[in-house]
$ cat protein_33.tsv   # TSV, C-alpha atoms and all ligand atoms
chain	number	residue	atom	x	y	z
A	6	MET	CA	-15.85	4.60	-9.61
A	7	THR	CA	-13.91	7.24	-7.65
A	8	THR	CA	-10.20	7.13	-6.84
A	9	GLY	CA	-10.25	9.22	-3.64
A	10	TYR	CA	-7.63	11.42	-5.36
A	11	ASP	CA	-9.58	14.61	-4.78
A	12	GLY	CA	-9.53	17.75	-2.65
A	13	LEU	CA	-8.93	21.44	-3.17
A	14	GLY	CA	-5.31	21.02	-4.31
A	15	LYS	CA	-6.31	18.56	-7.05
A	16	ARG	CA	-9.20	20.82	-8.14
A	17	LEU	CA	-6.91	23.86	-8.35
A	18	PHE	CA	-4.26	21.85	-10.21
A	19	ALA	CA	-6.83	20.80	-12.82
A	20	THR	CA	-8.25	24.34	-13.09
A	21	TRP	CA	-4.88	26.06	-13.49
A	22	TYR	CA	-2.85	23.38	-15.29
A	23	ASP	CA	-3.30	24.61	-18.87
A	24	ILE	CA	-2.95	28.27	-17.86
A	25	LEU	CA	0.26	27.70	-15.87
A	26	ASN	CA	1.65	25.49	-18.63
A	27	ALA	CA	0.91	27.94	-21.41
A	28	GLY	CA	4.32	29.61	-21.03
A	29	VAL	CA	6.24	26.40	-21.79
A	30	GLU	CA	3.72	24.45	-23.86
A	31	GLY	CA	5.19	25.74	-27.15
A	32	ARG	CA	8.54	24.18	-26.22
A	33	VAL	CA	6.89	20.90	-25.21
A	34	ILE	CA	4.88	20.36	-28.42
A	35	PRO	CA	7.80	18.77	-30.37
A	36	PHE	CA	8.00	16.07	-27.68
A	37	ARG	CA	4.25	15.49	-27.75
A	38	ARG	CA	4.62	14.93	-31.51
A	39	GLU	CA	7.62	12.63	-30.94
A	40	THR	CA	5.64	10.43	-28.50
A	41	ALA	CA	1.84	10.70	-28.95
A	42	GLY	CA	2.39	11.53	-32.62
A	43	VAL	CA	4.02	8.17	-33.44
A	44	THR	CA	1.54	5.90	-31.64
A	45	SER	CA	-0.54	3.30	-33.45
A	46	GLY	CA	-3.34	0.82	-32.79
A	47	SER	CA	-4.75	0.71	-29.26
A	48	VAL	CA	-3.12	3.35	-27.06
A	49	LEU	CA	-3.17	3.88	-23.29
A	50	GLU	CA	-2.13	7.26	-21.92
A	51	ILE	CA	-1.37	7.12	-18.19
A	52	GLY	CA	-2.12	10.42	-16.38
A	53	GLY	CA	-3.87	12.07	-19.31
A	54	GLY	CA	-4.47	15.33	-17.42
A	55	THR	CA	-6.50	17.82	-19.44
A	56	GLY	CA	-5.74	15.99	-22.70
A	57	ALA	CA	-2.82	18.12	-23.88
A	58	ASN	CA	-1.67	15.29	-26.18
A	59	LEU	CA	-5.06	14.91	-27.91
A	60	PRO	CA	-4.23	17.09	-30.95
A	61	TYR	CA	-1.06	15.10	-31.68
A	62	TYR	CA	-2.44	11.55	-31.81
A	63	PRO	CA	-2.93	10.04	-35.27
A	64	ASP	CA	-6.64	10.05	-36.24
A	65	ASP	CA	-6.93	6.26	-36.38
A	66	VAL	CA	-5.64	5.27	-32.91
A	67	ARG	CA	-8.05	3.92	-30.28
A	68	LEU	CA	-7.49	6.03	-27.16
A	69	THR	CA	-7.84	4.99	-23.53
A	70	PHE	CA	-6.83	7.36	-20.73
A	71	LEU	CA	-6.12	6.43	-17.13
A	72	GLU	CA	-6.50	9.43	-14.81
A	73	PRO	CA	-7.07	9.54	-11.02
A	74	ASN	CA	-8.03	13.23	-10.64
A	75	PRO	CA	-11.81	13.62	-11.26
A	76	HIS	CA	-11.40	17.32	-12.10
A	77	MET	CA	-8.84	16.42	-14.79
A	78	VAL	CA	-11.23	13.74	-16.07
A	79	ARG	CA	-13.96	16.37	-16.63
A	80	LYS	CA	-11.59	18.69	-18.49
A	81	LEU	CA	-10.17	15.80	-20.54
A	82	GLN	CA	-13.64	14.62	-21.58
A	83	GLY	CA	-14.65	18.21	-22.50
A	84	ASN	CA	-11.50	18.70	-24.61
A	85	ALA	CA	-11.99	15.33	-26.35
A	86	ASP	CA	-15.62	16.21	-27.15
A	87	ARG	CA	-14.65	19.63	-28.53
A	88	GLN	CA	-11.98	18.02	-30.73
A	89	GLY	CA	-14.37	15.30	-31.89
A	90	ARG	CA	-12.20	12.49	-30.46
A	91	GLU	CA	-13.80	9.35	-29.16
A	92	VAL	CA	-11.95	8.37	-25.97
A	93	MET	CA	-12.38	6.00	-23.06
A	94	ILE	CA	-11.40	7.51	-19.71
A	95	VAL	CA	-10.78	5.13	-16.83
A	96	PRO	CA	-10.34	6.48	-13.27
A	97	GLY	CA	-7.30	4.94	-11.63
A	98	PHE	CA	-3.60	4.94	-10.82
A	99	GLY	CA	-0.68	3.77	-12.93
A	100	GLU	CA	0.75	1.72	-10.07
A	101	SER	CA	-2.07	-0.82	-10.34
A	102	MET	CA	-3.94	-0.64	-13.63
A	103	PRO	CA	-7.32	-2.22	-14.25
A	104	PHE	CA	-6.30	-3.74	-17.62
A	105	ASP	CA	-5.42	-7.29	-18.62
A	106	ASP	CA	-1.87	-8.26	-19.58
A	107	GLY	CA	-1.03	-7.52	-23.21
A	108	THR	CA	-3.95	-5.16	-23.93
A	109	PHE	CA	-2.31	-2.20	-25.73
A	110	ASP	CA	-0.04	-1.59	-28.71
A	111	CYS	CA	1.35	1.58	-27.12
A	112	VAL	CA	1.47	3.07	-23.63
A	113	LEU	CA	2.37	6.74	-23.15
A	114	THR	CA	3.37	9.03	-20.30
A	115	THR	CA	4.20	12.70	-20.71
A	116	LEU	CA	5.10	14.72	-17.60
A	117	VAL	CA	3.47	12.14	-15.33
A	118	LEU	CA	6.21	10.04	-13.72
A	119	CYS	CA	7.31	13.11	-11.73
A	120	MET	CA	3.94	12.93	-9.93
A	121	VAL	CA	3.16	9.27	-9.37
A	122	THR	CA	3.79	7.63	-5.99
A	123	ASP	CA	5.97	4.76	-7.31
A	124	VAL	CA	7.69	5.25	-10.68
A	125	GLY	CA	9.05	1.67	-10.79
A	126	ALA	CA	5.59	0.18	-10.24
A	127	VAL	CA	4.06	2.36	-12.98
A	128	VAL	CA	6.62	1.45	-15.62
A	129	ARG	CA	6.42	-2.25	-14.74
A	130	GLU	CA	2.64	-1.97	-15.13
A	131	ALA	CA	3.13	-0.18	-18.47
A	132	ARG	CA	5.19	-3.15	-19.67
A	133	ARG	CA	2.63	-5.67	-18.35
A	134	VAL	CA	-0.31	-4.13	-20.25
A	135	LEU	CA	1.66	-3.87	-23.52
A	136	LYS	CA	1.21	-6.52	-26.19
A	137	PRO	CA	4.41	-8.39	-27.14
A	138	GLY	CA	6.20	-6.03	-29.51
A	139	GLY	CA	4.40	-3.04	-27.97
A	140	ARG	CA	6.00	0.33	-27.25
A	141	PHE	CA	6.14	2.47	-24.11
A	142	LEU	CA	6.70	6.09	-25.18
A	143	PHE	CA	7.73	8.66	-22.62
A	144	TYR	CA	8.56	12.33	-22.27
A	145	GLU	CA	9.50	13.31	-18.71
A	146	HIS	CA	11.60	15.76	-16.73
A	147	VAL	CA	14.30	14.15	-14.60
A	148	VAL	CA	17.09	14.71	-12.11
A	149	SER	CA	20.26	16.20	-13.56
A	150	SER	CA	23.37	14.05	-13.99
A	151	HIS	CA	25.48	17.05	-12.87
A	152	ARG	CA	26.25	17.10	-9.16
A	153	TRP	CA	25.49	20.76	-8.45
A	154	ALA	CA	22.39	20.87	-10.58
A	155	SER	CA	21.00	17.75	-8.92
A	156	ARG	CA	21.74	19.25	-5.49
A	157	TRP	CA	19.78	22.32	-6.50
A	158	GLN	CA	16.89	20.10	-7.60
A	159	THR	CA	16.95	18.22	-4.28
A	160	TRP	CA	16.96	21.53	-2.38
A	161	ALA	CA	14.15	23.05	-4.46
A	162	ASN	CA	12.00	19.92	-4.45
A	163	PRO	CA	9.95	20.40	-1.23
A	164	PRO	CA	8.56	23.88	-2.12
A	165	TRP	CA	8.17	22.90	-5.79
A	166	ARG	CA	6.29	19.76	-4.78
A	167	PHE	CA	4.04	21.77	-2.46
A	168	PHE	CA	3.10	24.45	-5.01
A	169	THR	CA	2.58	21.94	-7.83
A	170	THR	CA	0.58	19.57	-5.57
A	171	GLY	CA	2.94	16.65	-6.07
A	172	CYS	CA	5.44	17.19	-8.92
A	173	ASN	CA	9.05	16.12	-8.12
A	174	LEU	CA	12.18	17.60	-9.70
A	175	ASP	CA	14.69	15.05	-8.47
A	176	ARG	CA	13.72	11.65	-9.91
A	177	ASP	CA	15.95	9.20	-11.80
A	178	ILE	CA	13.12	8.23	-14.13
A	179	ALA	CA	15.43	6.89	-16.87
A	180	GLY	CA	16.92	4.49	-14.30
A	181	ASP	CA	13.47	3.26	-13.29
A	182	ILE	CA	12.54	2.66	-16.93
A	183	GLU	CA	15.79	0.78	-17.56
A	184	ARG	CA	15.11	-1.46	-14.54
A	185	ALA	CA	11.49	-2.25	-15.50
A	186	GLY	CA	12.29	-5.31	-17.64
A	187	PHE	CA	11.87	-3.84	-21.14
A	188	GLU	CA	13.96	-5.63	-23.73
A	189	ASN	CA	15.09	-2.38	-25.34
A	190	VAL	CA	15.18	1.19	-23.98
A	191	ASP	CA	16.18	4.08	-26.21
A	192	TYR	CA	16.09	7.71	-25.07
A	193	ARG	CA	17.95	11.00	-25.24
A	194	GLN	CA	18.45	13.58	-22.52
A	195	PHE	CA	18.47	17.34	-23.05
A	196	SER	CA	17.79	20.55	-21.14
A	197	LEU	CA	14.57	22.47	-21.64
A	198	SER	CA	14.45	26.11	-20.66
A	199	VAL	CA	11.42	26.90	-18.51
A	200	GLY	CA	12.32	30.57	-18.25
A	201	VAL	CA	15.70	32.24	-17.97
A	202	PRO	CA	17.87	31.17	-16.17
A	203	ILE	CA	16.22	27.86	-15.25
A	204	LYS	CA	16.78	24.78	-17.40
A	205	ILE	CA	15.34	21.41	-16.47
A	206	PRO	CA	16.77	18.09	-17.74
A	207	ASN	CA	14.27	16.12	-19.82
A	208	ILE	CA	14.20	12.69	-21.44
A	209	VAL	CA	12.22	11.52	-24.46
A	210	GLY	CA	12.26	7.97	-25.73
A	211	VAL	CA	10.75	4.56	-26.26
A	212	ALA	CA	11.01	1.26	-24.40
A	213	THR	CA	9.99	-1.88	-26.25
A	214	ARG	CA	8.59	-5.17	-25.12
A	215	ASP	CA	9.98	-8.05	-27.19
A	216	LYS	CA	7.66	-9.93	-29.53
A	217	ALA	CA	8.69	-13.17	-27.86
A	218	SER	CA	8.15	-12.01	-24.25
B	1	LIG	C1	1.61	17.13	-14.83
B	1	LIG	S1	0.14	16.35	-15.29
B	1	LIG	C2	0.50	15.87	-16.97
B	1	LIG	C3	-0.72	15.73	-17.83
B	1	LIG	C4	-0.49	15.32	-19.27
B	1	LIG	N1	0.08	14.00	-19.37
B	1	LIG	C5	0.37	16.32	-20.01
B	1	LIG	O1	1.32	15.91	-20.69
B	1	LIG	O2	0.07	17.52	-19.96
B	1	LIG	C6	0.25	14.81	-14.41
B	1	LIG	C7	-1.02	14.00	-14.46
B	1	LIG	O3	-0.74	12.72	-13.85
B	1	LIG	C8	-1.85	12.37	-13.03
B	1	LIG	N2	-1.36	11.45	-11.99
B	1	LIG	C9	-0.84	11.72	-10.78
B	1	LIG	N3	-0.54	10.59	-10.11
B	1	LIG	C10	-0.88	9.56	-10.93
B	1	LIG	C11	-0.81	8.14	-10.82
B	1	LIG	N4	-0.31	7.55	-9.72
B	1	LIG	N5	-1.27	7.39	-11.84
B	1	LIG	C12	-1.75	7.98	-12.97
B	1	LIG	N6	-1.84	9.32	-13.14
B	1	LIG	C13	-1.41	10.10	-12.13
B	1	LIG	C14	-2.31	13.71	-12.47
B	1	LIG	O4	-3.65	13.65	-11.98
B	1	LIG	C15	-2.17	14.61	-13.68
B	1	LIG	O5	-3.31	14.61	-14.47

$ encode --input "protein_33.tsv" --output "structure tokens"
Amino acid sequence: MTTGYDGLGKRLFATWYDILNAGVEGRVIPFRRETAGVTSGSVLEIGGGTGANLPYYPDDVRLTFLEPNPHMVRKLQGNADRQGREVMIVPGFGESMPFDDGTFDCVLTTLVLCMVTDVGAVVREARRVLKPGGRFLFYEHVVSSHRWASRWQTWANPPWRFFTTGCNLDRDIAGDIERAGFENVDYRQFSLSVGVPIKIPNIVGVATRDKAS
């Protein structure tokens, strides 16, 4: 199955992603541990990319990745093989996932909701495919709550989006998660330095689907 999510931009993004990220990856690792690192049971990672979270998953989780970019899929499979992790990789988009209701114990996104077409649809889908009592864990960069900083993000978004082939700086991702119907949403916001003097607001947290729902 192909997703049609291809082309030179997607190929270059997959080729350069780990290299371009290397400068900030050290600062991101604590949040990979705080999300991927606390998963259990059957786990779905939406937008798995090159598999940057692979080293942080507990050994005994059953991993499924959903990823639309075929060049990312190849890198993800190669990294999983090298790390001796058995994974299932499904081509597709988070807005409409090819999984039954209540399939997973945990669903994860890290640095993905900035890129999807419809954040609200993805998080509603994340809730749908969770078992009752399941957890949606997220680590994302978001729009600032400060007026001037958010204006700067809005201004910088078009060139940023172009050079990153689709990443957006100005999204209210926490708001979309809060509106997705989860029974409990718990997160904290903080600024992550991506090189002096630029700091980007981030959120890390968990949204839970009630056992009774
Ligand atoms: C910035 S990368 C993050 C990769 C990885 N999660 C990480 O933490 O390094 C975003 C990933 O989301 C994928 N993506 C983009 N749009 C998507 C969508 N609508 N549904 C699922 N994944 C998507 C991209 O192909 C890419 O692999």

$ atom_distance --input "protein_33.tsv" --atom1 "CA of Pro103 in chain A" --atom2 "atom O4 of ligand LIG 1 (chain B)"
16.4 Å

$ residues_near_ligand --input "protein_33.tsv" --ligand "ligand LIG 1 (chain B)" --cutoff "7 Å" --atoms "all atoms listed in the file" --output "ChimeraX atom specification"
/A:51-58,71-74,77,97-100,114-117,120-122

$ write_last_selection --input "protein_33.tsv" --atoms "C-alpha atoms" --output "compact mmCIF listing (two decimals), keeping the file's coordinate frame"
# COMPACT_ATOMS: atom_id res chain seq x y z
CA ILE A 51 -1.37 7.12 -18.19
CA GLY A 52 -2.12 10.42 -16.38
CA GLY A 53 -3.87 12.07 -19.31
CA GLY A 54 -4.47 15.33 -17.42
CA THR A 55 -6.50 17.82 -19.44
CA GLY A 56 -5.74 15.99 -22.70
CA ALA A 57 -2.82 18.12 -23.88
CA ASN A 58 -1.67 15.29 -26.18
CA LEU A 71 -6.12 6.43 -17.13
CA GLU A 72 -6.50 9.43 -14.81
CA PRO A 73 -7.07 9.54 -11.02
CA ASN A 74 -8.03 13.23 -10.64
CA MET A 77 -8.84 16.42 -14.79
CA GLY A 97 -7.30 4.94 -11.63
CA PHE A 98 -3.60 4.94 -10.82
CA GLY A 99 -0.68 3.77 -12.93
CA GLU A 100 0.75 1.72 -10.07
CA THR A 114 3.37 9.03 -20.30
CA THR A 115 4.20 12.70 -20.71
CA LEU A 116 5.10 14.72 -17.60
CA VAL A 117 3.47 12.14 -15.33
CA MET A 120 3.94 12.93 -9.93
CA VAL A 121 3.16 9.27 -9.37
CA THR A 122 3.79 7.63 -5.99

$ residues_around --input "protein_33.tsv" --residues "Leu197 in chain A" --least-positions-apart "3" --cutoff "10 Å" --atoms "all atoms listed in the file" --output "ChimeraX atom specification"
/A:29,32-33,146,194,200,203-208

$ closest_residue --input "protein_33.tsv" --among "A:Gly171, A:Pro137, A:Gly46, A:Pro60" --to "Cys119 in chain A" --atoms "all atoms listed in the file"
A:Gly171

$ atom_distance --input "protein_33.tsv" --atom1 "CA of Asp110 in chain A" --atom2 "CA of Gly186 in chain A"
17.0 Å

$ residues_around --input "protein_33.tsv" --residues "range 35-42 of chain A" --least-positions-apart "4" --cutoff "6 Å" --atoms "all atoms listed in the file" --output "CSV table (one decimal) with C-alpha atoms, keeping the file's coordinate frame"
chain,number,residue,atom,x,y,z
A,61,TYR,CA,-1.1,15.1,-31.7
A,62,TYR,CA,-2.4,11.6,-31.8
A,142,LEU,CA,6.7,6.1,-25.2

$ closest_residue --input "protein_33.tsv" --among "A:Leu59, A:Leu49, A:Leu118, A:Ala212" --to "Ile34 in chain A" --atoms "all atoms listed in the file"
A:Leu59

$ atom_distance --input "protein_33.tsv" --atom1 "CA of Gln158 in chain A" --atom2 "CA of Lys15 in chain A"
23.3 Å

$ residues_around --input "protein_33.tsv" --residues "Asp215 in chain A" --least-positions-apart "2" --cutoff "7 Å" --atoms "all atoms listed in the file" --output "number ranges by chain"
A: 137-138, 188, 213, 217-218

$ residues_around --input "protein_33.tsv" --residues "Val134 in chain A" --least-positions-apart "5" --cutoff "6 Å" --atoms "all atoms listed in the file" --output "list of chain:residue names"
A:Asp106, A:Gly107, A:Thr108

$ residues_around --input "protein_33.tsv" --residues "Gly14 in chain A" --least-positions-apart "3" --cutoff "12 Å" --atoms "all atoms listed in the file" --output "number ranges by chain"
A: 10-11, 17-22, 74, 76-77, 166-171

$ closest_residue --input "protein_33.tsv" --among "A:Lys136, A:Arg176, A:Arg16, A:Arg90" --to "Lys216 in chain A" --atoms "only C-alpha atoms"
A:Lys136

$ decode --input "protein_33.tsv" --residues "range 94-125 of chain A" --atoms "N, CA and C atoms" --output "mmCIF file, in the first residue's frame"
data_model
loop_
_atom_site.group_PDB
_atom_site.id
_atom_site.type_symbol
_atom_site.label_atom_id
_atom_site.label_comp_id
_atom_site.auth_asym_id
_atom_site.auth_seq_id
_atom_site.Cartn_x
_atom_site.Cartn_y
_atom_site.Cartn_z
ATOM 1 N N ILE A 94 5.037 -1.840 10.820
ATOM 2 C CA ILE A 94 4.942 -0.483 10.277
ATOM 3 C C ILE A 94 3.807 -0.455 9.265
ATOM 4 N N VAL A 95 2.859 0.429 9.517
ATOM 5 C CA VAL A 95 1.674 0.535 8.659
ATOM 6 C C VAL A 95 1.738 1.883 7.939
ATOM 7 N N PRO A 96 1.670 1.882 6.587
ATOM 8 C CA PRO A 96 1.629 3.170 5.887
ATOM 9 C C PRO A 96 0.272 3.827 6.089
ATOM 10 N N GLY A 97 0.259 5.110 6.390
ATOM 11 C CA GLY A 97 -1.039 5.768 6.550
ATOM 12 C C GLY A 97 -0.936 7.068 7.317
ATOM 13 N N PHE A 98 -2.090 7.725 7.445
ATOM 14 C CA PHE A 98 -2.179 9.048 8.063
ATOM 15 C C PHE A 98 -2.977 8.973 9.363
ATOM 16 N N GLY A 99 -2.568 9.809 10.322
ATOM 17 C CA GLY A 99 -3.236 9.818 11.617
ATOM 18 C C GLY A 99 -4.672 10.299 11.569
ATOM 19 N N GLU A 100 -5.032 11.040 10.511
ATOM 20 C CA GLU A 100 -6.394 11.584 10.441
ATOM 21 C C GLU A 100 -7.435 10.495 10.217
ATOM 22 N N SER A 101 -7.019 9.366 9.666
ATOM 23 C CA SER A 101 -7.959 8.280 9.369
ATOM 24 C C SER A 101 -7.181 6.970 9.464
ATOM 25 N N MET A 102 -7.205 6.367 10.646
ATOM 26 C CA MET A 102 -6.277 5.256 10.890
ATOM 27 C C MET A 102 -6.922 3.909 10.613
ATOM 28 N N PRO A 103 -6.167 3.012 10.007
ATOM 29 C CA PRO A 103 -6.714 1.710 9.631
ATOM 30 C C PRO A 103 -6.708 0.698 10.784
ATOM 31 N N PHE A 104 -7.192 1.124 11.966
ATOM 32 C CA PHE A 104 -7.228 0.240 13.135
ATOM 33 C C PHE A 104 -8.628 0.281 13.732
ATOM 34 N N ASP A 105 -9.030 -0.862 14.305
ATOM 35 C CA ASP A 105 -10.352 -0.928 14.945
ATOM 36 C C ASP A 105 -10.385 -0.073 16.215
ATOM 37 N N ASP A 106 -11.582 0.285 16.634
ATOM 38 C CA ASP A 106 -11.765 0.984 17.916
ATOM 39 C C ASP A 106 -11.143 0.136 19.025
ATOM 40 N N GLY A 107 -10.544 0.797 20.005
ATOM 41 C CA GLY A 107 -10.082 0.102 21.211
ATOM 42 C C GLY A 107 -8.989 -0.927 20.976
ATOM 43 N N THR A 108 -8.040 -0.635 20.082
ATOM 44 C CA THR A 108 -6.996 -1.625 19.760
ATOM 45 C C THR A 108 -5.774 -1.527 20.676
ATOM 46 N N PHE A 109 -5.405 -0.316 21.113
ATOM 47 C CA PHE A 109 -4.085 -0.121 21.744
ATOM 48 C C PHE A 109 -4.198 0.303 23.206
ATOM 49 N N ASP A 110 -3.174 -0.081 23.986
ATOM 50 C CA ASP A 110 -3.083 0.384 25.369
ATOM 51 C C ASP A 110 -2.531 1.807 25.427
ATOM 52 N N CYS A 111 -1.642 2.134 24.497
ATOM 53 C CA CYS A 111 -1.034 3.467 24.463
ATOM 54 C C CYS A 111 -0.910 3.939 23.024
ATOM 55 N N VAL A 112 -1.126 5.230 22.830
ATOM 56 C CA VAL A 112 -0.852 5.873 21.534
ATOM 57 C C VAL A 112 0.103 7.023 21.825
ATOM 58 N N LEU A 113 1.073 7.221 20.922
ATOM 59 C CA LEU A 113 2.123 8.217 21.166
ATOM 60 C C LEU A 113 2.305 9.108 19.947
ATOM 61 N N THR A 114 2.487 10.420 20.191
ATOM 62 C CA THR A 114 3.042 11.287 19.147
ATOM 63 C C THR A 114 4.172 12.091 19.770
ATOM 64 N N THR A 115 5.284 12.195 19.058
ATOM 65 C CA THR A 115 6.343 13.130 19.448
ATOM 66 C C THR A 115 6.726 13.926 18.216
ATOM 67 N N LEU A 116 6.550 15.228 18.277
ATOM 68 C CA LEU A 116 6.944 16.158 17.209
ATOM 69 C C LEU A 116 6.258 15.814 15.891
ATOM 70 N N VAL A 117 4.998 15.449 15.974
ATOM 71 C CA VAL A 117 4.222 15.034 14.795
ATOM 72 C C VAL A 117 3.036 15.961 14.526
ATOM 73 N N LEU A 118 2.369 16.419 15.582
ATOM 74 C CA LEU A 118 1.127 17.172 15.390
ATOM 75 C C LEU A 118 1.382 18.536 14.750
ATOM 76 N N CYS A 119 2.635 18.976 14.754
ATOM 77 C CA CYS A 119 3.009 20.197 14.017
ATOM 78 C C CYS A 119 2.946 19.962 12.513
ATOM 79 N N MET A 120 2.946 18.715 12.082
ATOM 80 C CA MET A 120 3.052 18.403 10.637
ATOM 81 C C MET A 120 1.777 17.863 10.014
ATOM 82 N N VAL A 121 0.884 17.336 10.828
ATOM 83 C CA VAL A 121 -0.293 16.686 10.239
ATOM 84 C C VAL A 121 -1.210 17.738 9.614
ATOM 85 N N THR A 122 -2.134 17.300 8.779
ATOM 86 C CA THR A 122 -3.057 18.236 8.128
ATOM 87 C C THR A 122 -4.118 18.726 9.113
ATOM 88 N N ASP A 123 -4.629 17.831 9.978
ATOM 89 C CA ASP A 123 -5.757 18.182 10.852
ATOM 90 C C ASP A 123 -5.491 17.621 12.254
ATOM 91 N N VAL A 124 -4.984 18.482 13.141
ATOM 92 C CA VAL A 124 -4.606 18.021 14.489
ATOM 93 C C VAL A 124 -5.817 17.430 15.226
ATOM 94 N N GLY A 125 -6.965 18.124 15.139
ATOM 95 C CA GLY A 125 -8.161 17.658 15.862
ATOM 96 C C GLY A 125 -8.551 16.255 15.437
#
